[in-house]
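**Student:** Following this message is one structure expressed as structure tokens.
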Amino acid sequence: MAMSDWIERYRGYIVAFLAALIVVGGAILALRRPESPPLTIAEPTPLPVSSTPATIKVYVSGAVQNPGVYSLHTGDRVEDAVKAAGGATAEADLTRINLAARVSDGQQIYVVQKGETPPPLPATTGSSEPGKININTASLAELDTLPGIGQVTAQKIIDYRTKNGPFKSIQELKDKKLVNSATYDKIKDLITTQ
């Protein structure tokens with residue numbers, strides 16, 4: 001019996017054997033293949049929340065019952081500072097200050113009386129440069145004393161720093177279009193961020 005006769009006679013068996021060999025080999029390869037580790041999503045670890053907010057100090061003066069330095073919490077508002085000072089007097093013009101503005105450490109809040117022009121306040125707003133107003137801590141009344149800065153612009157400055165954090169340089173007032181170039185030139189020697 002020649003080889004070709006033998007192959008012809010057992011061809012069905014040979015094909016079945018090769019097919020079975022391929023299936024078994026594929027199964028062995030599939031089983032031996034290392035499984036990829038299951039994808040797990042780690043839950044974010046919550047940051048510990050401080051049960052006591054940080055304390056800051058503000059100076060409240062002007063038309064309030066008890067002017068002075070008061071301890072408040074970070075995130076408190078001008079309204080809280082006025083209440084801490086015993087509340088506004090009957091002569092206070094509360095429409096001239098933003099009671100909803102957040103206070104910052106070292107800030108002076110001056111409550112003007114009705115019909116009063118706010119006095120130029122000394123640079124006691126945490127400024128390290130004598131005679132300059134710190135735009136990071138100044139109140140609306142303090143900013144309003146700067147030439148070319150009215151209450152609207154002063155409020156824009158306070159709102160911007162409340163939303164975006166403290167100014168890194170006085171140049172940001174112009175860069176962020178809070179004041180125009182002419183106004184910036186008038187106030188640049190009167191303000192600081194320190």
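Quick note on naming: the chains in the structure tokens go A, B, ... in the order shown, residues restart at 1 in each chain, and ligands are numbered from 1 in order of appearance.
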For A:Val64, please output as an mmCIF file with C-alpha atoms, in the first residue's frame all residues within 10 Å (counting only C-alpha atoms; exclusion window: fewer than 3 positions along the same chain).
**Tutor:**
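Output below, filename around_26.cif:
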```cif
data_model
loop_
_atom_site.group_PDB
_atom_site.id
_atom_site.type_symbol
_atom_site.label_atom_id
_atom_site.label_comp_id
_atom_site.auth_asym_id
_atom_site.auth_seq_id
_atom_site.Cartn_x
_atom_site.Cartn_y
_atom_site.Cartn_z
ATOM 1 C CA VAL A 60 -15.006 97.843 61.646
ATOM 2 C CA SER A 61 -15.325 101.611 61.933
ATOM 3 C CA PRO A 67 -16.236 100.285 66.305
ATOM 4 C CA GLY A 68 -13.264 98.013 66.832
ATOM 5 C CA VAL A 82 -21.220 95.048 60.918
ATOM 6 C CA LYS A 83 -23.350 92.808 63.174
ATOM 7 C CA ALA A 84 -20.256 91.931 65.238
ATOM 8 C CA ALA A 85 -19.737 95.668 65.790
ATOM 9 C CA GLY A 86 -23.205 95.938 67.309
ATOM 10 C CA GLY A 87 -24.936 96.782 64.040
ATOM 11 C CA ALA A 88 -25.168 99.982 62.058
ATOM 12 C CA THR A 89 -26.258 103.256 63.605
ATOM 13 C CA ALA A 90 -29.418 105.029 62.456
ATOM 14 C CA GLU A 91 -27.238 107.439 60.450
ATOM 15 C CA ALA A 92 -25.455 104.643 58.527
ATOM 16 C CA TYR A 110 -15.784 101.668 57.036
ATOM 17 C CA VAL A 111 -19.539 102.273 57.249
ATOM 18 C CA VAL A 112 -20.312 105.764 55.957
ATOM 19 C CA GLN A 113 -23.048 107.999 57.318
#
```
**Student:** I want to know what sits within 9 Å of stretch 182-184 of chain A, based on only C-alpha atoms, with residues of the same chain fewer than 5 positions away left out; could you give that as an MDAnalysis selection string?
**Tutor:** chainID A and resid 147:149 170:171 173:174
**Student:** Just write the chosen residues, C-alpha atoms, as a PDB file, in the first residue's frame.
**Tutor:**
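Heads up, here's the output in out.pdb:
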```
ATOM      1  CA  PRO A 147      -8.688 108.908  42.076  1.00  0.00           C
ATOM      2  CA  GLY A 148     -10.790 107.622  39.192  1.00  0.00           C
ATOM      3  CA  ILE A 149     -12.218 104.746  41.240  1.00  0.00           C
ATOM      4  CA  ILE A 170      -1.205  95.808  40.789  1.00  0.00           C
ATOM      5  CA  GLN A 171      -0.794  95.424  37.007  1.00  0.00           C
ATOM      6  CA  LEU A 173      -6.133  95.697  37.584  1.00  0.00           C
ATOM      7  CA  LYS A 174      -5.303  96.884  34.075  1.00  0.00           C
TER       8      LYS A 174
END
```
**Student:** Go through A:Ile7, A:Ile109, A:Ile28, A:Val78 and flag the residue nearest A:Gly62, using only C-alpha atoms for the distances.
**Tutor:**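 That would be A:Ile109, the residue with the smallest distance to A:Gly62.
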**Student:** Looking only at strand (DSSP E) from DSSP on the backbone, list the matching residues of stretch 77-126 of chain A as number ranges by chain.
**Tutor:** A: 108-111
**Student:** Hey, can you check how far atom CA of A:Val69 sits from atom CA of A:Ile97?
**Tutor:**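 Distance reported for this atom pair: 18.2 Å.
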**Student:** Between atom CA of A:Lys57 and atom CA of A:Leu72, what is the distance, to one decimal in Å?
**Tutor:** 6.1 Å
**Student:** Would you please work out which residue, of A:Trp6, A:Val58, A:Gln194, A:Arg11, is nearest to A:Pro166 when using only C-alpha atoms?
**Tutor:** A:Gln194
